[in-house]
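Asker: Pasting in a structure now, in structure tokens, and then I'll have a few things to ask.
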Amino acid sequence: MDREDRLKRLRFRAWHRGTREADYMMGGFFDRLHQGWDDVSLDWFEGLLGQEDPDILGWVLGTIPVPPEWRGPMMERMQRIDYVDIPR
């Protein structure tokens with residue numbers, strides 16, 4: 001799959017999580033930041049999309065510890081939560 005197709009697929013998956021909160025968090029994170037991601041970052045995000053929404057929300061909000069495999073610069077960036085735009 002070429003990069004453009006992969007990005008389209010990841011964007012769709014990020015915005016169709018099943019809950020509005022997860023959609024805004026994952027979709028907003030992707031939309032705001034994916035332009036600067038290399039293949040390793042895309043792999044990390046794609047793997048994260050396979051995790052359960054309550055776990056991801058807990059890791060990002062700091063209510064549950066982040067497992068070692070998800071720690072690092074991408075999770076630290078995600079935990080800033082400054083990328084969530086909630087339409088009014």
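Convention: chains lettered A, B, ... in structure tokens order; per-chain residue numbering from 1; ligands numbered from 1 as shown.
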Identify, on the basis of only C-alpha atoms, every residue whose closest approach to stretch 25-36 of chain A does not exceed 9 Å; exclude the query and any residue fewer than 4 positions from it along the same chain; express the result as a PDB file with N, CA and C atoms, in the first residue's frame.
Answerer:
```
ATOM      1  N   LEU A   7      -2.331   6.582   4.679  1.00  0.00           N
ATOM      2  CA  LEU A   7      -2.796   7.734   5.461  1.00  0.00           C
ATOM      3  C   LEU A   7      -4.316   7.840   5.433  1.00  0.00           C
ATOM      4  N   LEU A  10      -5.652   5.148   7.749  1.00  0.00           N
ATOM      5  CA  LEU A  10      -5.437   5.488   9.159  1.00  0.00           C
ATOM      6  C   LEU A  10      -6.379   6.604   9.602  1.00  0.00           C
ATOM      7  N   ARG A  11      -6.572   7.589   8.741  1.00  0.00           N
ATOM      8  CA  ARG A  11      -7.491   8.688   9.094  1.00  0.00           C
ATOM      9  C   ARG A  11      -8.901   8.159   9.310  1.00  0.00           C
ATOM     10  N   PHE A  12      -9.355   7.300   8.416  1.00  0.00           N
ATOM     11  CA  PHE A  12     -10.692   6.727   8.565  1.00  0.00           C
ATOM     12  C   PHE A  12     -10.794   5.965   9.889  1.00  0.00           C
ATOM     13  N   ARG A  13      -9.837   5.118  10.171  1.00  0.00           N
ATOM     14  CA  ARG A  13      -9.861   4.327  11.410  1.00  0.00           C
ATOM     15  C   ARG A  13      -9.792   5.222  12.645  1.00  0.00           C
ATOM     16  N   ALA A  14      -9.035   6.315  12.565  1.00  0.00           N
ATOM     17  CA  ALA A  14      -8.911   7.224  13.706  1.00  0.00           C
ATOM     18  C   ALA A  14     -10.235   7.937  13.996  1.00  0.00           C
ATOM     19  N   TRP A  15     -10.998   8.240  12.962  1.00  0.00           N
ATOM     20  CA  TRP A  15     -12.240   8.984  13.138  1.00  0.00           C
ATOM     21  C   TRP A  15     -13.474   8.090  13.279  1.00  0.00           C
ATOM     22  N   HIS A  16     -13.302   6.785  13.241  1.00  0.00           N
ATOM     23  CA  HIS A  16     -14.437   5.873  13.359  1.00  0.00           C
ATOM     24  C   HIS A  16     -14.170   4.844  14.446  1.00  0.00           C
ATOM     25  N   ARG A  17     -14.031   5.325  15.658  1.00  0.00           N
ATOM     26  CA  ARG A  17     -13.674   4.483  16.790  1.00  0.00           C
ATOM     27  C   ARG A  17     -14.897   3.882  17.470  1.00  0.00           C
ATOM     28  N   ARG A  20     -17.679   9.142  20.510  1.00  0.00           N
ATOM     29  CA  ARG A  20     -17.325  10.502  20.111  1.00  0.00           C
ATOM     30  C   ARG A  20     -16.010  10.952  20.753  1.00  0.00           C
ATOM     31  N   GLU A  21     -15.823  10.617  22.030  1.00  0.00           N
ATOM     32  CA  GLU A  21     -14.601  11.020  22.732  1.00  0.00           C
ATOM     33  C   GLU A  21     -13.362  10.433  22.067  1.00  0.00           C
ATOM     34  N   SER A  41       6.600   6.148  13.132  1.00  0.00           N
ATOM     35  CA  SER A  41       5.480   6.804  13.823  1.00  0.00           C
ATOM     36  C   SER A  41       4.139   6.298  13.292  1.00  0.00           C
ATOM     37  N   LEU A  42       4.047   6.111  11.984  1.00  0.00           N
ATOM     38  CA  LEU A  42       2.816   5.570  11.402  1.00  0.00           C
ATOM     39  C   LEU A  42       2.557   4.156  11.914  1.00  0.00           C
ATOM     40  N   PHE A  45       1.207   4.455  15.482  1.00  0.00           N
ATOM     41  CA  PHE A  45      -0.184   4.894  15.508  1.00  0.00           C
ATOM     42  C   PHE A  45      -1.117   3.788  15.017  1.00  0.00           C
ATOM     43  N   LEU A  49      -4.163   2.057  17.161  1.00  0.00           N
ATOM     44  CA  LEU A  49      -5.554   1.952  16.717  1.00  0.00           C
ATOM     45  C   LEU A  49      -6.140   0.573  16.993  1.00  0.00           C
ATOM     46  N   LEU A  57      -7.725   6.054  26.185  1.00  0.00           N
ATOM     47  CA  LEU A  57      -8.166   7.255  26.904  1.00  0.00           C
ATOM     48  C   LEU A  57      -7.513   7.325  28.281  1.00  0.00           C
ATOM     49  N   MET A  78       0.816  12.857  22.561  1.00  0.00           N
ATOM     50  CA  MET A  78      -0.618  12.614  22.625  1.00  0.00           C
ATOM     51  C   MET A  78      -1.192  13.076  23.966  1.00  0.00           C
ATOM     52  N   ILE A  81      -2.926  16.665  24.710  1.00  0.00           N
ATOM     53  CA  ILE A  81      -4.353  16.836  24.396  1.00  0.00           C
ATOM     54  C   ILE A  81      -4.688  18.232  23.847  1.00  0.00           C
ATOM     55  N   ASP A  82      -3.759  18.899  23.230  1.00  0.00           N
ATOM     56  CA  ASP A  82      -4.024  20.225  22.664  1.00  0.00           C
ATOM     57  C   ASP A  82      -4.508  20.158  21.211  1.00  0.00           C
ATOM     58  N   TYR A  83      -4.744  18.981  20.727  1.00  0.00           N
ATOM     59  CA  TYR A  83      -5.131  18.763  19.338  1.00  0.00           C
ATOM     60  C   TYR A  83      -6.629  18.449  19.202  1.00  0.00           C
ATOM     61  N   VAL A  84      -7.341  18.395  20.312  1.00  0.00           N
ATOM     62  CA  VAL A  84      -8.748  18.032  20.271  1.00  0.00           C
ATOM     63  C   VAL A  84      -9.578  19.293  20.029  1.00  0.00           C
ATOM     64  N   ASP A  85     -10.286  19.313  18.901  1.00  0.00           N
ATOM     65  CA  ASP A  85     -11.202  20.402  18.570  1.00  0.00           C
ATOM     66  C   ASP A  85     -12.616  19.856  18.635  1.00  0.00           C
TER      67      ASP A  85
END
```
Asker: As a PyMOL selection string, please: every residue in chain A that a backbone DSSP assignment puts in helix (DSSP H, G or I).
Answerer: chain A and resi 3-15+20-36+39-49+53-61+68-70+73-78
Asker: Quick one: of A:Val60, A:Asp53, A:Glu4, A:Trp44, who's nearest to A:Glu76, counting only C-alpha atoms?
Answerer: A:Val60
Asker: Just the number, please: distance in Å from atom CA of A:Glu46 to atom CA of A:Arg88, one decimal.
Answerer: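 It comes out at 28.9 Å.
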Asker: What's the separation between atom CA of A:Pro87 and atom CA of A:Gly18, in Å to one decimal place?
Answerer: 17.5 Å
Asker: Give me the residues near A:Asp55 as a list in words, where near means some atom within 10 Å (using only C-alpha atoms) and where sequence neighbours in that chain fewer than 5 positions away do not count.
Answerer: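 What passes the distance filter is Val60, Leu61, Thr63, Ile64, Pro65, Val66 and Pro67 of chain A.
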Asker: Just to be explicit: take each residue in the selection above, keep C-alpha atoms, and write the result as an mmCIF file, in the first residue's frame.
Answerer:
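Now in out30.cif:
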```
data_model
loop_
_atom_site.group_PDB
_atom_site.id
_atom_site.type_symbol
_atom_site.label_atom_id
_atom_site.label_comp_id
_atom_site.auth_asym_id
_atom_site.auth_seq_id
_atom_site.Cartn_x
_atom_site.Cartn_y
_atom_site.Cartn_z
ATOM 1 C CA VAL A 60 -3.645 9.712 27.456
ATOM 2 C CA LEU A 61 -5.465 11.189 30.453
ATOM 3 C CA THR A 63 -5.639 7.666 34.834
ATOM 4 C CA ILE A 64 -3.930 4.348 34.116
ATOM 5 C CA PRO A 65 -0.223 3.671 33.521
ATOM 6 C CA VAL A 66 0.990 3.514 29.945
ATOM 7 C CA PRO A 67 2.356 0.057 29.103
#
```
